[in-house]
Every structure is written in structure tokens, then in C-alpha cells.
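Next comes data16.cif, with mmCIF, C-alpha atoms.
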```cif
data_protein
loop_
_atom_site.label_atom_id
_atom_site.label_comp_id
_atom_site.auth_asym_id
_atom_site.auth_seq_id
_atom_site.Cartn_x
_atom_site.Cartn_y
_atom_site.Cartn_z
CA MET A 1 7.75 -35.44 -24.72
CA ALA A 2 6.99 -32.80 -22.12
CA LYS A 3 8.87 -33.03 -18.85
CA THR A 4 7.02 -32.36 -15.61
CA TYR A 5 8.80 -31.07 -12.52
CA PHE A 6 7.13 -30.90 -9.12
CA PHE A 7 8.29 -28.09 -6.84
CA MET A 8 6.83 -29.22 -3.54
CA TYR A 9 9.28 -27.88 -1.03
CA ALA A 10 10.64 -24.62 0.31
CA PRO A 11 14.02 -23.87 1.91
CA SER A 12 14.20 -23.86 5.69
CA PRO A 13 16.83 -22.37 8.00
CA THR A 14 18.54 -25.76 8.21
CA GLN A 15 18.99 -26.03 4.46
CA ARG A 16 21.72 -24.41 2.43
CA PRO A 17 21.81 -23.43 -1.26
CA TYR A 18 23.87 -25.35 -3.76
CA HIS A 19 25.14 -23.96 -6.98
CA VAL A 20 26.52 -24.56 -10.45
CA GLY A 21 28.85 -21.65 -11.10
CA GLU A 22 27.13 -18.53 -9.90
CA ARG A 23 23.61 -19.97 -10.06
CA THR A 24 21.70 -21.48 -7.21
CA LEU A 25 20.03 -24.62 -8.46
CA GLY A 26 18.26 -25.75 -5.33
CA TRP A 27 18.54 -26.53 -1.64
CA GLU A 28 20.38 -29.42 -0.09
CA ARG A 29 18.14 -31.81 1.72
CA ASN A 30 18.55 -35.19 3.37
CA ASN A 31 15.89 -36.55 1.05
CA ALA A 32 17.33 -36.15 -2.43
CA CYS A 33 14.15 -37.51 -3.97
CA ALA A 34 12.41 -34.26 -3.09
CA GLN A 35 14.53 -32.42 -5.64
CA PRO A 36 13.60 -32.19 -9.33
CA PRO A 37 15.67 -34.55 -11.51
CA ARG A 38 17.60 -31.72 -13.16
CA LEU A 39 18.64 -30.35 -9.80
CA ARG A 40 19.69 -33.72 -8.45
CA GLU A 41 21.82 -34.38 -11.54
CA ALA A 42 23.41 -30.95 -11.41
CA HIS A 43 24.10 -31.36 -7.71
CA ALA A 44 25.69 -34.76 -8.12
CA GLN A 45 27.79 -33.67 -11.09
CA PHE A 46 29.05 -30.29 -10.00
CA PHE A 47 28.50 -29.50 -6.36
CA PRO A 48 31.25 -31.63 -4.74
CA ALA A 49 33.94 -30.18 -7.02
CA LEU A 50 33.10 -26.50 -6.72
CA PRO A 51 35.33 -24.25 -4.60
CA ARG A 52 33.70 -22.82 -1.50
CA ASN A 53 34.31 -19.54 0.25
CA ASP A 54 34.39 -18.71 3.93
CA GLU A 55 30.64 -18.15 4.01
CA GLY A 56 29.86 -21.69 2.90
CA GLY A 57 28.77 -20.69 -0.63
CA THR A 58 30.49 -21.03 -3.99
CA PHE A 59 32.18 -18.19 -5.78
CA THR A 60 33.57 -18.44 -9.29
CA PRO A 61 35.13 -15.92 -11.69
CA ARG A 62 32.11 -16.24 -13.99
CA GLY A 63 29.77 -15.63 -11.07
CA ALA A 64 31.78 -12.59 -10.01
CA ALA A 65 31.66 -11.14 -13.50
CA ARG A 66 27.91 -11.70 -13.75
CA GLY A 67 27.44 -10.11 -10.35
CA ARG A 68 29.45 -7.05 -11.40
CA ASP A 69 27.43 -6.72 -14.60
CA MET A 70 24.18 -6.88 -12.63
CA ALA A 71 25.33 -4.38 -10.04
CA ALA A 72 26.57 -1.96 -12.69
CA ALA A 73 23.17 -2.15 -14.37
CA GLY A 74 21.46 -1.13 -11.15
CA GLY A 75 20.52 -4.68 -10.25
CA GLY A 76 22.45 -5.24 -7.05
CA VAL A 77 19.26 -6.58 -5.46
CA TRP A 78 19.10 -9.43 -7.92
CA ALA A 79 22.81 -10.20 -7.59
CA LEU A 80 21.99 -11.80 -4.27
CA TRP A 81 18.32 -12.78 -4.50
CA TRP A 82 18.05 -14.00 -8.07
CA ARG A 83 21.51 -15.50 -8.29
CA GLY A 84 20.68 -17.46 -5.22
CA LEU A 85 22.22 -16.14 -2.02
CA ILE A 86 25.71 -16.91 -3.33
CA CYS A 87 27.13 -15.85 0.01
CA GLY A 88 27.15 -12.46 1.61
CA ARG A 89 30.78 -11.48 1.20
CA ALA A 90 31.07 -12.70 -2.36
CA ALA A 91 27.95 -10.82 -3.41
CA ALA A 92 29.17 -7.73 -1.61
CA ARG A 93 32.46 -7.91 -3.48
CA CYS A 94 30.53 -8.08 -6.75
CA ALA A 95 28.49 -5.05 -5.82
CA GLU A 96 31.52 -3.07 -4.68
CA SER A 97 33.13 -3.53 -8.06
CA GLY A 98 29.98 -2.24 -9.75
CA ALA A 99 27.38 0.08 -8.31
CA GLY A 100 28.37 -0.60 -4.72
CA ARG A 101 24.83 -1.33 -3.50
CA VAL A 102 26.02 -3.50 -0.63
CA SER A 103 23.18 -2.55 1.69
CA LEU A 104 20.65 -3.82 -0.85
CA LEU A 105 22.63 -6.95 -1.58
CA LEU A 106 22.67 -7.97 2.05
CA ARG A 107 18.94 -7.65 2.60
CA PRO A 108 17.03 -10.87 3.29
CA PRO A 109 15.30 -12.26 0.17
CA GLY A 110 11.85 -11.53 1.55
CA GLN A 111 12.53 -7.81 1.61
CA LEU A 112 13.78 -7.43 -1.94
CA LEU A 113 10.50 -6.90 -3.74
CA ALA A 114 9.63 -4.26 -1.18
CA CYS A 115 12.68 -2.16 -2.06
CA SER A 116 11.66 1.37 -2.90
CA ARG A 117 11.71 2.42 -6.55
CA GLN A 118 10.48 5.39 -8.49
CA LYS A 119 7.18 4.82 -10.23
CA ALA A 120 7.81 3.91 -13.84
CA SER A 121 6.48 6.35 -16.39
CA VAL A 122 3.74 5.15 -18.74
CA SER A 123 4.04 5.57 -22.49
CA PHE A 124 1.35 5.05 -25.11
CA LEU A 125 1.45 3.17 -28.38
CA SER A 126 -0.64 5.16 -30.86
CA ARG A 127 -2.60 3.13 -33.39
CA PRO A 128 -4.65 4.92 -36.04
CA ASP A 129 -7.35 2.26 -36.25
CA ARG A 130 -7.46 1.03 -32.64
CA PRO A 131 -7.28 2.44 -29.07
CA ASN A 132 -3.90 3.54 -27.72
CA LEU A 133 -2.10 1.02 -25.53
CA ALA A 134 -0.35 1.97 -22.29
CA TYR A 135 3.05 0.36 -21.86
CA ASN A 136 6.35 0.52 -20.02
CA LYS A 137 9.52 -0.38 -21.86
CA ILE A 138 13.13 -0.92 -20.91
CA LYS A 139 15.66 -0.91 -23.73
CA GLY A 140 18.32 -3.58 -23.66
CA LYS A 141 19.84 -6.57 -25.32
CA ASN A 142 18.10 -9.61 -26.72
CA PRO A 143 16.38 -11.85 -26.09
CA GLY A 144 13.87 -9.39 -24.73
CA VAL A 145 10.99 -10.30 -22.44
CA VAL A 146 7.34 -9.29 -22.92
CA PHE A 147 4.81 -9.78 -20.12
CA LEU A 148 1.13 -10.47 -20.94
CA PRO A 149 -1.25 -9.94 -17.99
CA GLY A 150 -4.39 -11.92 -17.22
CA LEU A 151 -8.11 -11.20 -17.49
CA ASN A 152 -9.10 -7.82 -16.03
CA SER A 153 -5.52 -7.37 -14.87
CA ASN A 154 -2.89 -4.79 -15.77
CA MET A 155 0.83 -4.29 -16.22
CA ASN A 156 1.47 -3.26 -12.61
CA GLY A 157 1.14 -6.68 -11.02
CA GLN A 158 3.89 -8.20 -8.90
CA LYS A 159 5.03 -10.69 -11.53
CA ALA A 160 5.38 -8.00 -14.20
CA VAL A 161 7.33 -5.67 -11.91
CA ALA A 162 9.59 -8.49 -10.64
CA LEU A 163 10.43 -9.50 -14.20
CA GLN A 164 11.11 -5.89 -15.15
CA ASP A 165 13.55 -5.50 -12.25
CA PHE A 166 15.23 -8.75 -13.24
CA CYS A 167 15.62 -7.79 -16.91
CA LYS A 168 16.92 -4.36 -15.95
CA SER A 169 19.53 -5.95 -13.71
CA LEU A 170 20.83 -8.01 -16.64
CA GLY A 171 20.50 -5.30 -19.25
CA HIS A 172 17.85 -7.17 -21.26
CA ALA A 173 14.94 -5.48 -22.98
CA PHE A 174 11.54 -5.72 -21.31
CA VAL A 175 8.00 -4.61 -22.16
CA ARG A 176 4.82 -4.76 -20.09
CA PHE A 177 1.53 -3.29 -21.25
CA ASP A 178 -2.22 -3.03 -20.71
CA TYR A 179 -4.76 -4.54 -23.09
CA THR A 180 -7.41 -2.36 -24.67
CA GLY A 181 -9.96 -1.30 -22.03
CA CYS A 182 -7.70 -2.40 -19.16
CA GLY A 183 -5.44 -0.46 -16.83
CA SER A 184 -4.27 2.80 -18.38
CA SER A 185 -5.01 1.85 -22.00
CA ASP A 186 -7.78 3.50 -23.98
CA GLY A 187 -10.94 1.69 -24.97
CA ASN A 188 -14.11 0.25 -23.46
CA LEU A 189 -13.68 -3.04 -21.63
CA GLN A 190 -17.26 -4.06 -22.43
CA GLU A 191 -16.47 -3.92 -26.14
CA CYS A 192 -13.32 -6.01 -25.91
CA THR A 193 -12.86 -9.52 -27.25
CA VAL A 194 -10.14 -12.14 -27.22
CA GLY A 195 -9.54 -11.30 -30.88
CA LYS A 196 -8.97 -7.62 -30.11
CA TRP A 197 -6.58 -8.45 -27.28
CA ARG A 198 -4.73 -10.81 -29.61
CA LYS A 199 -4.22 -7.87 -31.95
CA ASP A 200 -2.95 -5.82 -29.01
CA VAL A 201 -0.23 -8.40 -28.35
CA LEU A 202 0.79 -8.44 -32.01
CA SER A 203 0.90 -4.64 -32.08
CA VAL A 204 3.24 -4.65 -29.09
CA LEU A 205 5.49 -7.25 -30.70
CA ASP A 206 5.56 -5.45 -34.05
CA GLU A 207 5.96 -1.89 -32.81
CA LEU A 208 7.76 -2.08 -29.47
CA THR A 209 10.23 -4.95 -29.80
CA ASP A 210 13.19 -5.85 -31.97
CA GLY A 211 14.74 -9.26 -32.36
CA PRO A 212 13.87 -12.48 -30.51
CA GLN A 213 11.50 -12.25 -27.56
CA ILE A 214 10.46 -14.44 -24.64
CA LEU A 215 6.74 -14.10 -23.98
CA VAL A 216 5.52 -14.57 -20.40
CA GLY A 217 1.75 -14.97 -20.26
CA SER A 218 -0.27 -15.07 -17.06
CA SER A 219 -3.70 -16.79 -17.12
CA LEU A 220 -5.55 -15.32 -20.13
CA GLY A 221 -2.19 -13.88 -21.16
CA GLY A 222 -0.98 -17.47 -21.51
CA TRP A 223 -3.72 -18.09 -24.09
CA LEU A 224 -2.82 -14.92 -26.01
CA MET A 225 0.86 -15.84 -25.73
CA LEU A 226 0.23 -19.03 -27.69
CA HIS A 227 -1.58 -17.11 -30.42
CA ALA A 228 1.29 -14.66 -30.69
CA ALA A 229 3.81 -17.50 -30.98
CA ILE A 230 1.76 -18.95 -33.84
CA ALA A 231 1.39 -15.59 -35.63
CA ARG A 232 4.98 -14.39 -35.14
CA PRO A 233 7.21 -17.50 -35.08
CA GLU A 234 10.18 -15.50 -36.37
CA LYS A 235 10.02 -13.19 -33.37
CA VAL A 236 8.85 -15.39 -30.48
CA ALA A 237 11.89 -17.36 -29.38
CA ALA A 238 10.33 -18.97 -26.29
CA VAL A 239 7.20 -18.78 -24.13
CA VAL A 240 6.51 -19.10 -20.41
CA GLY A 241 2.95 -19.74 -19.28
CA VAL A 242 1.91 -18.96 -15.70
CA ALA A 243 -1.41 -20.71 -15.03
CA ALA A 244 -2.02 -20.46 -18.77
CA ALA A 245 -5.76 -20.41 -19.45
CA ALA A 246 -5.94 -21.60 -23.04
CA ASP A 247 -9.60 -22.00 -24.13
CA TYR A 248 -10.63 -21.98 -20.50
CA LEU A 249 -13.38 -19.35 -20.63
CA VAL A 250 -15.05 -21.20 -23.48
CA THR A 251 -14.55 -24.59 -21.84
CA THR A 252 -16.01 -23.35 -18.56
CA PHE A 253 -19.03 -21.88 -20.29
CA LYS A 254 -19.73 -25.08 -22.22
CA GLN A 255 -19.59 -27.09 -19.00
CA LEU A 256 -22.56 -25.15 -17.62
CA PRO A 257 -25.98 -26.84 -17.79
CA LEU A 258 -27.75 -26.17 -21.07
CA GLU A 259 -30.53 -24.24 -19.35
CA VAL A 260 -27.94 -21.94 -17.75
CA GLN A 261 -26.24 -21.39 -21.09
CA LYS A 262 -29.59 -20.53 -22.61
CA GLU A 263 -30.36 -18.08 -19.82
CA ILE A 264 -27.00 -16.36 -20.33
CA GLU A 265 -27.66 -16.13 -24.06
CA GLU A 266 -31.05 -14.50 -23.43
CA LYS A 267 -29.66 -12.05 -20.87
CA GLY A 268 -26.57 -11.41 -22.95
CA GLU A 269 -24.37 -11.51 -19.86
CA TRP A 270 -22.38 -14.08 -17.93
CA LYS A 271 -21.24 -13.45 -14.36
CA LEU A 272 -18.17 -15.63 -14.03
CA PRO A 273 -17.44 -16.25 -10.32
CA THR A 274 -14.05 -15.07 -9.05
CA LYS A 275 -12.28 -14.35 -5.78
CA HIS A 276 -10.13 -11.65 -7.32
CA ASN A 277 -12.43 -8.62 -7.09
CA GLU A 278 -14.89 -7.12 -4.64
CA GLU A 279 -17.94 -7.99 -6.73
CA GLY A 280 -17.11 -11.69 -6.68
CA PHE A 281 -17.57 -12.13 -10.43
CA TYR A 282 -16.34 -11.00 -13.84
CA CYS A 283 -19.10 -9.71 -16.06
CA LEU A 284 -18.65 -11.10 -19.58
CA SER A 285 -21.00 -10.58 -22.49
CA TYR A 286 -22.42 -13.52 -24.39
CA GLU A 287 -20.86 -12.07 -27.53
CA PHE A 288 -17.47 -12.18 -25.81
CA ILE A 289 -17.80 -15.93 -25.24
CA LYS A 290 -19.04 -16.64 -28.75
CA GLU A 291 -16.18 -14.63 -30.26
CA ALA A 292 -13.67 -16.42 -28.02
CA GLU A 293 -14.71 -19.73 -29.57
CA ASN A 294 -12.93 -18.61 -32.73
CA HIS A 295 -9.63 -18.61 -30.86
CA CYS A 296 -9.71 -22.01 -29.16
CA LEU A 297 -6.55 -24.04 -29.62
CA LEU A 298 -6.73 -27.28 -27.66
CA SER A 299 -8.81 -29.30 -30.13
CA ASN A 300 -5.96 -29.54 -32.64
CA PRO A 301 -2.16 -29.65 -32.72
CA ILE A 302 -0.73 -26.22 -31.87
CA PRO A 303 1.96 -25.20 -34.40
CA ILE A 304 4.52 -23.83 -31.96
CA THR A 305 8.06 -25.19 -32.15
CA CYS A 306 9.99 -22.93 -29.77
CA PRO A 307 10.95 -23.84 -26.16
CA ILE A 308 7.94 -23.78 -23.83
CA LYS A 309 7.79 -23.59 -20.03
CA LEU A 310 4.44 -23.99 -18.30
CA ILE A 311 4.25 -23.14 -14.59
CA HIS A 312 1.06 -23.98 -12.73
CA GLY A 313 -0.09 -24.16 -9.12
CA MET A 314 -1.81 -27.35 -8.03
CA LYS A 315 -4.03 -25.31 -5.68
CA ASP A 316 -5.32 -23.18 -8.56
CA GLU A 317 -9.09 -22.88 -8.09
CA ASP A 318 -9.62 -20.80 -11.25
CA VAL A 319 -7.74 -22.68 -13.98
CA PRO A 320 -6.90 -26.33 -13.21
CA TRP A 321 -3.28 -27.35 -13.66
CA GLN A 322 -4.45 -29.99 -16.12
CA VAL A 323 -4.88 -27.17 -18.68
CA SER A 324 -1.10 -26.76 -18.77
CA MET A 325 -0.78 -30.50 -19.38
CA GLN A 326 -3.22 -30.20 -22.28
CA ILE A 327 -1.17 -27.40 -23.79
CA ALA A 328 2.00 -29.47 -23.43
CA ASN A 329 0.36 -32.38 -25.20
CA ARG A 330 -0.99 -30.23 -28.06
CA VAL A 331 2.02 -28.13 -28.99
CA VAL A 332 4.26 -29.43 -31.76
CA SER A 333 7.42 -28.44 -29.89
CA THR A 334 9.30 -31.22 -28.13
CA ASP A 335 11.13 -28.78 -25.89
CA VAL A 336 8.38 -28.47 -23.29
CA ASP A 337 8.59 -28.43 -19.50
CA VAL A 338 5.59 -28.43 -17.17
CA ILE A 339 6.46 -27.15 -13.69
CA LEU A 340 3.88 -27.77 -10.95
CA ARG A 341 3.89 -25.99 -7.60
CA LYS A 342 2.11 -28.12 -5.00
CA VAL A 343 0.99 -25.12 -2.93
CA GLY A 344 0.77 -22.65 -5.81
CA GLN A 345 -2.52 -20.82 -6.40
CA HIS A 346 -3.84 -19.10 -9.51
CA ARG A 347 -2.06 -15.79 -9.30
CA MET A 348 1.29 -17.36 -8.42
CA ASN A 349 2.43 -14.15 -6.72
CA GLU A 350 3.95 -15.52 -3.55
CA LYS A 351 7.66 -14.89 -3.04
CA ASP A 352 8.73 -18.42 -3.95
CA ASP A 353 6.38 -18.47 -6.94
CA MET A 354 8.04 -15.38 -8.38
CA LYS A 355 11.50 -16.74 -7.67
CA LEU A 356 10.59 -19.80 -9.71
CA LEU A 357 9.28 -17.58 -12.52
CA VAL A 358 12.48 -15.53 -12.60
CA TYR A 359 14.66 -18.66 -12.53
CA THR A 360 12.66 -20.07 -15.43
CA VAL A 361 13.02 -16.94 -17.55
CA ASP A 362 16.73 -16.81 -16.73
CA ASP A 363 17.20 -20.39 -17.92
CA LEU A 364 15.61 -19.48 -21.23
CA ILE A 365 17.75 -16.36 -21.62
CA ASP A 366 20.88 -18.45 -21.02
CA LYS A 367 19.69 -21.10 -23.43
CA LEU A 368 18.82 -18.69 -26.22
CA THR A 369 22.03 -16.72 -25.72
CA THR A 370 24.05 -19.90 -25.96
CA LEU A 371 22.27 -20.99 -29.14
CA ALA A 372 22.82 -17.57 -30.69
#
```

Any chance you could give the structure as C-alpha cells?
Amino acid sequence: MAKTYFFMYAPSPTQRPYHVGERTLGWERNNACAQPPRLREAHAQFFPALPRNDEGGTFTPRGAARGRDMAAAGGGVWALWWRGLICGRAAARCAESGAGRVSLLLRPPGQLLACSRQKASVSFLSRPDRPNLAYNKIKGKNPGVVFLPGLNSNMNGQKAVALQDFCKSLGHAFVRFDYTGCGSSDGNLQECTVGKWRKDVLSVLDELTDGPQILVGSSLGGWLMLHAAIARPEKVAAVVGVAAAADYLVTTFKQLPLEVQKEIEEKGEWKLPTKHNEEGFYCLSYEFIKEAENHCLLSNPIPITCPIKLIHGMKDEDVPWQVSMQIANRVVSTDVDVILRKVGQHRMNEKDDMKLLVYTVDDLIDKLTTLA
């Protein structure tokens, strides 16, 4: 049965982080009921017994080693932010034993994503029968992470870049890419279909990755992520959906009045309202919608057995959070968590949203590494 966690709070200056080993699991509050069950259990089991340092945080040999590994890999930023503010002096000691990026480690969490970095170079995956795909790849250990962007989006979004920085800090492989007709990839967007983008994802998995992968799909990417997990079960070790929009374009179209559907069919064009561009709509062809019907998944059991995490904002005005619940109910896997953010919106690109995403991916990396 899928487990649902509600993340309805944010840390305040009066709260302090609590940890298991080197990982921050949450924030102490007077009202323990506000914490997700897993965090409450971890807090009750481990927090009282953990040694504390002079900064009020916990510091363990395992945490120090992980911090050194991250700093040596150029990830000193994440040694503090991702691993949960595990106290200034302890994190600084970790960084000094690695790359020595103390100034970055001691920055407030809100400044970390704004840290300057050189613009990543873009490579292209050549395909003899289809347009070339633009991508950025970091080599590293497995499980690797592959990010799938949303509709009319590209690989340079905040979530993709944050995950890339995180994977680099740990030395794990990471790939982000643009679909055909999007971003820097070749092709005509007006000629694209869900089926063609599905093939793009499979091409990336087949040609650019080795070994087990964690797929992170945002919006439409969450739909394509499910298809990839079905088509490549030997390679997809886990999936993370962020406002996953399985079937949603088709569902939305079919909810329109019949006369409106008929008008769209006659015009051959559907202007889907959106707040995410200047025009105020996405222009989709009628053929695009009809082709997308061939890839709907929610009417039948979905043959995916790997671990699944579904993150969704309850303030999402584009794709209702109930879609993630439908996915959870349809997948065959029993290892399914649905994580709802009370104030989260569709793009889930606020600072705390991305922290949650990184924590979720980290949990899966730890889990898969342990199982291996």
C-alpha cells in the first residue's frame, strides 16, 4: 500500500535540525504530530542517544567521512545544505580535510543555489533515424540519476541543475537532456508527439547510461518516466515523480465539452491555458492529443515493481495532486510513497521544494546502494 506523507511545515529560527548520523531528518517542534511518521520514529529512536558537538548539532565518524567525500568531489556546498546544516564547525572540518571550501560551506542555505558555476557544456546524442538530442552528462558511480523535464521545458531548469550539483558532490552519474524540438535539441516541436518523446527517453537510457538508474520526471516527464520504467525494467532501479502528469493532457481534453472538442478537431489546434509562458497557453495539435491516447496508463495496472516516490504540491493548479494518488494506486509496486507539499505549486522550484527532492533522491541512492 502506498504511504502518504504531508510536508506542511517549514523550519523557523526557533527550530533546530535533528539528525540520524550525518543526515538531517527534520526539525524539532513542540508539536510532534506535525512531523511525518518516519521522522518522528527516527527522532524518538536515535536523536536522544546521538553525541552532540559544541554547535548543538551531531557529528559522527560516518558523517565526517561522507562530508570529506563530498568536499573532495567539489561538493562542499552540499556538505552543509544537503546534509542538513550539521553544524558549522563540523562541516568546516569536513571541508578542510577535502577541498577546503569552507567559505561555501558556511553560506546560509538560501544562497547555495545562487553560487556561481561555469556554464555546463552541451553535448549531442547523434541518432541516424531521429533528431539529435542535446544533453549534459556527469560520469560517476551507480545508481545514476536521469532527469526528465516537463512539457515545453528544457534541461536547464532549477530542479535539473540542483540534482546535477548534488550528484556531482557525491560522485554519482547524472544525465539531463532536452526532448526533440525542445531546448537545444534538433527537431520541430510542432511535429513532436508523446510517442517520439518516449523514444527520446529510451535513447538516453540506452546510449548515455550504464547500470541501474533513478529516473526523476517532472510533470510530463513523470508520465514518460513511467513508460521508461515499463520498457527498461532491468535498467530503471527507482523513479521519482514531481507533479507527475500521467495521462493528464488526454484527461483534460476529454473533460472539455463535446462542442469544444469538436471545434478543436476542426481547427486542428488546442490552446491549453497555462501561466508558464507569455502567451498564456500551450499550442497543441489535435493529432498530438489523439496520438497521446495511445500512451495512457491509468486505466489499467501499471507493471512497475521498483521503488516509487511521488512528490506533489497541493496548490498545483496545472496537474491536481490526485493524479499522483492515481499513479500510486495503479502501479504494481508495493514500495510506493506519495509526498504532498501543502504549499507546493506545479513547478515545485521553491528552495524547500528542491530540498525535499534532493532528500528523496538521496534516500533512494542509499537504499539501492545498501541493497546492492

If the PyMOL selection byres ((chain A and resi 216) around 6) is run on the structure shown, which residues does it catch, given as a PyMOL selection string? chain A and resi 147+215+217+239-241

Determine the residue membership of the PyMOL selection byres ((chain A and resi 162) around 10) for the file above and supply it as a PyMOL selection string. chain A and resi 78+112-113+156-161+163-168+349+354-355+357-358

I would like the residues chosen by the PyMOL selection byres ((chain A and resi 296) around 10) on the shown file; could you give them as a list in words?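 On this input, the PyMOL selection byres ((chain A and resi 296) around 10) captures Trp223, His227, Ala246, Asp247, Tyr248, Leu249, Val250, Thr251, Glu291, Ala292, Glu293, Asn294, His295, Leu297, Leu298, Ser299 and Asn300 of chain A.
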
Among listed residues A:Val319, A:Ile289, A:Ile308, A:Leu356, nearest Thr334 (chain A) (using only C-alpha atoms):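 Between A:Val319, A:Ile289, A:Ile308, A:Leu356, the residue approaching Thr334 (chain A) most closely is A:Ile308.
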
Between A:Glu278, A:Glu259, A:Glu266, A:Asp200, which is the closest to Phe177 (chain A) once you count only C-alpha atoms? A:Asp200

Residue contacts of Asp335 (chain A) (12 Å, all atoms listed in the file) excluding same-chain residues fewer than 2 positions away, as a VMD selection string: chain A and resid 1 to 4 237 to 239 304 to 310 328 to 329 331 to 333 337 to 338 364 367

With C-alpha atoms retained, could you export that selection as a PDB file, keeping the file's coordinate frame?
```
ATOM      1  CA  MET A   1       7.750 -35.440 -24.720  1.00  0.00           C
ATOM      2  CA  ALA A   2       6.990 -32.800 -22.120  1.00  0.00           C
ATOM      3  CA  LYS A   3       8.870 -33.030 -18.850  1.00  0.00           C
ATOM      4  CA  THR A   4       7.020 -32.360 -15.610  1.00  0.00           C
ATOM      5  CA  ALA A 237      11.890 -17.360 -29.380  1.00  0.00           C
ATOM      6  CA  ALA A 238      10.330 -18.970 -26.290  1.00  0.00           C
ATOM      7  CA  VAL A 239       7.200 -18.780 -24.130  1.00  0.00           C
ATOM      8  CA  ILE A 304       4.520 -23.830 -31.960  1.00  0.00           C
ATOM      9  CA  THR A 305       8.060 -25.190 -32.150  1.00  0.00           C
ATOM     10  CA  CYS A 306       9.990 -22.930 -29.770  1.00  0.00           C
ATOM     11  CA  PRO A 307      10.950 -23.840 -26.160  1.00  0.00           C
ATOM     12  CA  ILE A 308       7.940 -23.780 -23.830  1.00  0.00           C
ATOM     13  CA  LYS A 309       7.790 -23.590 -20.030  1.00  0.00           C
ATOM     14  CA  LEU A 310       4.440 -23.990 -18.300  1.00  0.00           C
ATOM     15  CA  ALA A 328       2.000 -29.470 -23.430  1.00  0.00           C
ATOM     16  CA  ASN A 329       0.360 -32.380 -25.200  1.00  0.00           C
ATOM     17  CA  VAL A 331       2.020 -28.130 -28.990  1.00  0.00           C
ATOM     18  CA  VAL A 332       4.260 -29.430 -31.760  1.00  0.00           C
ATOM     19  CA  SER A 333       7.420 -28.440 -29.890  1.00  0.00           C
ATOM     20  CA  ASP A 337       8.590 -28.430 -19.500  1.00  0.00           C
ATOM     21  CA  VAL A 338       5.590 -28.430 -17.170  1.00  0.00           C
ATOM     22  CA  LEU A 364      15.610 -19.480 -21.230  1.00  0.00           C
ATOM     23  CA  LYS A 367      19.690 -21.100 -23.430  1.00  0.00           C
TER      24      LYS A 367
END
```

A:Val336, A:Ile230, A:Leu368, A:Ala244: which is nearest Pro303 (chain A), counting all atoms listed in the file? A:Ile230

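We find CA of Gly140 (chain A) and CA of Lys196 (chain A) to be spaced 28.3 Å apart.
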
May I have the residues at most 6 Å from (-0.3, -24.5, -5.2) in the file's coordinates, counting all atoms listed in the file, as an MDAnalysis selection string? chainID A and resid 313:315 341:345

Between CA of Thr193 (chain A) and CA of Gln213 (chain A), distance in Å (one decimal):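 Taking CA of Thr193 (chain A) as the start and CA of Gln213 (chain A) as the end point, the length is 24.5 Å.
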
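Using all atoms listed in the file, the residues found no farther than 6 Å from Tyr135 (chain A), other than those of its own chain fewer than 3 positions away, are Val122, Ser123, Phe124, Arg176 and Phe177 of chain A.
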
Between CA of Leu148 (chain A) and CA of Pro273 (chain A), what distance in Å does the model show, to one decimal? 22.2 Å

My list of candidates is A:Leu170, A:Leu133, A:Cys283, A:Val323. Which is closest to Trp197 (chain A) when distances are computed with only C-alpha atoms?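 When distances to Trp197 (chain A) are compared using only C-alpha atoms, the smallest one comes from A:Leu133.
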
When you look at Ile365 (chain A) with a cut-off of 8 Å (counting all atoms listed in the file), what residues show up, excluding the ones that are within fewer than 4 positions of it in the same chain? I need them as a PyMOL selection string. chain A and resi 143+361+369

Go ahead and save the picked residues with C-alpha atoms, as a short mmCIF file (atom, residue, chain, number, x, y, z; two decimals), in the coordinates of the input.
```cif
data_model
loop_
_atom_site.label_atom_id
_atom_site.label_comp_id
_atom_site.auth_asym_id
_atom_site.auth_seq_id
_atom_site.Cartn_x
_atom_site.Cartn_y
_atom_site.Cartn_z
CA PRO A 143 16.38 -11.85 -26.09
CA VAL A 361 13.02 -16.94 -17.55
CA THR A 369 22.03 -16.72 -25.72
#
```

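Shortest atom-to-atom contact with Ser219 (chain A) among A:Val242, A:Pro131, A:Glu265, A:Pro320: A:Val242, counting all atoms listed in the file.
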
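Distances to Asp318 (chain A) were evaluated for A:Ala243, A:Leu284, A:Val201, A:Leu256 using all atoms listed in the file, and the minimum falls at A:Ala243.
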